[in-house]
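Below is one structure; the comments refer to it alone.
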Amino acid sequence: MEALFFNIDTGFLEGIVRGYKAGILSQNQYGSLAQCESLEATDYGGFLANEPLPLSTSTIQDKATQILVDQFNYLRSNSVQPLTKFLEYITYSYMIDNIILLITGTLHERDTHELLERCHPLGVFESMPALCVATTVEELYQSVLVETPLAPYFRECLSANDLDDLNIEIIRNTVYKAYLEDFYHFCASLGQPTAEVMQRILAFEADRRTVNITINSFNTELSKEQRAKLFPTIGRLWPEGNNQLAKADDMDQVRAACESVSEYRTFFADAVPNSSSGGNGYDELAAASQLEDRFFRMEVFLNKQAFLQQFQYGVFFSYVKLKEQEVRNLTWIAECIAQDAKDRIQDFIPIF
């Protein structure tokens, strides 16, 4: 029944975002870029036309990101509820990163105005300049709780006394956990097919964060009890896999915890053996790097799948994520060209 009325408010914007998707770079275009040929005939054809030479990798990354931001702002300015709220949720993850960046900078007595320039533009909010007024951690703490849209997430886990380097990472993951769970339940309230598409994507994101938190906490001061509290209570690994990961001490145990999900099992299928453990373990650094790459590939796959269904909001989320991957690919290729590392230039993740 919802499909009958979906196009009244959202049909135009869904058509727009599907048109945006058609402009995402293809494998053939990446091949041309890898050969240092022109960016013309793509969405990026003229985006560097007014930039002074020589171009830097950071300039390419910033300008490519600005295209995404402009497209997203157009969608948001033409949306109505509940799509407007859905698009706001997409920006919350960038807001979290921006606020953590400002907190870290203030903790180390850096100029918050310089930090503001490094913030992701999708995570900029109306009251953000108020955070730059703060000169101490205590002032910034009060501003975060009052001035930001994320106040409900921070209120449960943030105190001024907790602000040191280790606790900031704990705060980042705790806030992101609250955000993911809230977004997951909001998508459920939107009904099908948005709930089905988005819960599949958010469940994967929750599992990825759970695995990454586990691996990154090895050989740190973070206790297993603290680690368990950072895991989102959603996802395909929850609850049994989360319980195993909370107790894990090495990559072998991480692999065992992920065995229950067939898609994740393949991530460890050809992990790099660790000769020091007699061939029974993993080279943890190489395995973690390989795992991150495969997570990105799975993310691209799931977001491409979202476009196979109509009359749902998941395409807006998925387009942002696919475009982000495109920016990463462009940055990687540009960096390889700049450093004359042609042997690694193909190590990007193609989208289409």
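Letters A, B, ... mark the chains of the structure tokens in the order given; residue numbers begin at 1 per chain; ligand numbers begin at 1, in order shown.
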Based on DSSP run over this structure's backbone, return all residues of range 112-330 of chain A in strand (DSSP E or B), as a list in words.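 Here are the strand (DSSP E or B) residues of range 112-330 of chain A: Pro273, Asn274, Gly281 and Tyr282 of chain A.
Counting only C-alpha atoms, Leu308 in chain A has the following residues at most 12 Å away, ignoring those fewer than 5 positions along the same chain: Arg18, Pro193, Val197, Phe301, Leu302, Asn303, Gly314, Val315 and Ser318 of chain A.
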Using N, CA and C atoms, can you write the selected residues to a file as a short mmCIF file (atom, residue, chain, number, x, y, z; two decimals), in the first residue's frame?
data_model
loop_
_atom_site.label_atom_id
_atom_site.label_comp_id
_atom_site.auth_asym_id
_atom_site.auth_seq_id
_atom_site.Cartn_x
_atom_site.Cartn_y
_atom_site.Cartn_z
N ARG A 18 18.81 8.21 -8.33
CA ARG A 18 19.16 7.14 -9.26
C ARG A 18 19.91 7.72 -10.47
N PRO A 193 9.48 -1.35 2.20
CA PRO A 193 10.73 -2.13 2.15
C PRO A 193 11.95 -1.40 2.71
N VAL A 197 15.76 -3.13 3.68
CA VAL A 197 17.00 -2.71 3.01
C VAL A 197 17.98 -2.11 4.01
N PHE A 301 28.91 -3.92 -2.10
CA PHE A 301 27.94 -4.90 -2.61
C PHE A 301 26.55 -4.64 -2.03
N LEU A 302 26.47 -4.46 -0.71
CA LEU A 302 25.17 -4.25 -0.07
C LEU A 302 24.52 -2.95 -0.53
N ASN A 303 25.33 -1.92 -0.71
CA ASN A 303 24.76 -0.64 -1.15
C ASN A 303 24.33 -0.67 -2.61
N GLY A 314 16.37 3.58 1.30
CA GLY A 314 17.73 3.05 1.37
C GLY A 314 18.63 3.55 0.26
N VAL A 315 18.06 3.90 -0.90
CA VAL A 315 18.89 4.36 -2.02
C VAL A 315 19.62 5.65 -1.68
N SER A 318 22.58 4.60 0.50
CA SER A 318 23.53 3.82 -0.28
C SER A 318 24.28 4.68 -1.28
#
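Using only C-alpha atoms, the nearest neighbour of Ile100 in chain A within the list A:Ser79, A:Gln290, A:Thr220, A:Thr112 is A:Thr112.
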Between CA of Ala34 in chain A and CA of Leu291 in chain A, what distance in Å does the model show, to one decimal?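 About the pair CA of Ala34 in chain A and CA of Leu291 in chain A: they are 24.7 Å apart.
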Taking only C-alpha atoms into account, name the residue in A:Gln71, A:Trp238, A:Glu138, A:Gln346 that is nearest to Gly19 in chain A. A:Gln71
For Pro232 in chain A, find every residue with an atom within 12 Å (counting only C-alpha atoms), except residues of its own chain fewer than 4 positions away, and show them as a PyMOL selection string. chain A and resi 173-184+202-211+213+227-228+236-239+241-243+246
I'd like to know which of A:Asn73, A:Thr57, A:Ser143, A:Gln66 is closest to Leu102 in chain A, using only C-alpha atoms. A:Ser143
Contacts of Ile96 in chain A at 9 Å (only C-alpha atoms; same-chain gap of 5+ positions) as number ranges by chain: A: 91, 101, 123, 150, 172, 175-176
List every residue of range 74-105 of chain A that DSSP, applied to the backbone of this structure, assigns to alpha helix (DSSP H), and report them as a PDB file with C-alpha atoms, in the first residue's frame.
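Output saved as selection-v2.pdb:
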ATOM      1  CA  TYR A  74      19.969  19.444  -2.906  1.00  0.00           C
ATOM      2  CA  LEU A  75      18.199  16.234  -1.887  1.00  0.00           C
ATOM      3  CA  ARG A  76      17.777  17.403   1.691  1.00  0.00           C
ATOM      4  CA  SER A  77      16.470  20.849   0.755  1.00  0.00           C
ATOM      5  CA  LEU A  83      12.736  11.481   4.393  1.00  0.00           C
ATOM      6  CA  THR A  84      14.120  14.711   5.900  1.00  0.00           C
ATOM      7  CA  LYS A  85      14.663  12.961   9.225  1.00  0.00           C
ATOM      8  CA  PHE A  86      16.198   9.962   7.436  1.00  0.00           C
ATOM      9  CA  LEU A  87      18.702  12.240   5.700  1.00  0.00           C
ATOM     10  CA  GLU A  88      19.510  13.899   9.027  1.00  0.00           C
ATOM     11  CA  TYR A  89      20.392  10.486  10.432  1.00  0.00           C
ATOM     12  CA  ILE A  90      22.867  10.016   7.585  1.00  0.00           C
ATOM     13  CA  THR A  91      24.712  13.175   8.673  1.00  0.00           C
ATOM     14  CA  TYR A  92      24.944  12.098  12.335  1.00  0.00           C
ATOM     15  CA  SER A  93      27.907   9.763  11.737  1.00  0.00           C
ATOM     16  CA  TYR A  94      29.897  12.670  10.268  1.00  0.00           C
ATOM     17  CA  MET A  95      28.840  14.903  13.164  1.00  0.00           C
ATOM     18  CA  ILE A  96      30.209  12.346  15.616  1.00  0.00           C
ATOM     19  CA  ASP A  97      33.591  12.333  13.868  1.00  0.00           C
ATOM     20  CA  ASN A  98      33.655  16.140  13.740  1.00  0.00           C
ATOM     21  CA  ILE A  99      32.823  16.568  17.413  1.00  0.00           C
ATOM     22  CA  ILE A 100      35.418  13.977  18.444  1.00  0.00           C
ATOM     23  CA  LEU A 101      37.963  15.827  16.279  1.00  0.00           C
ATOM     24  CA  LEU A 102      37.164  19.096  18.072  1.00  0.00           C
ATOM     25  CA  ILE A 103      37.323  17.443  21.496  1.00  0.00           C
ATOM     26  CA  THR A 104      40.703  15.855  20.669  1.00  0.00           C
ATOM     27  CA  GLY A 105      42.045  19.152  19.355  1.00  0.00           C
TER      28      GLY A 105
END
If you measure from CA of Lys342 in chain A to CA of Met298 in chain A, what distance in Å do you get, rounded to one decimal? 25.5 Å
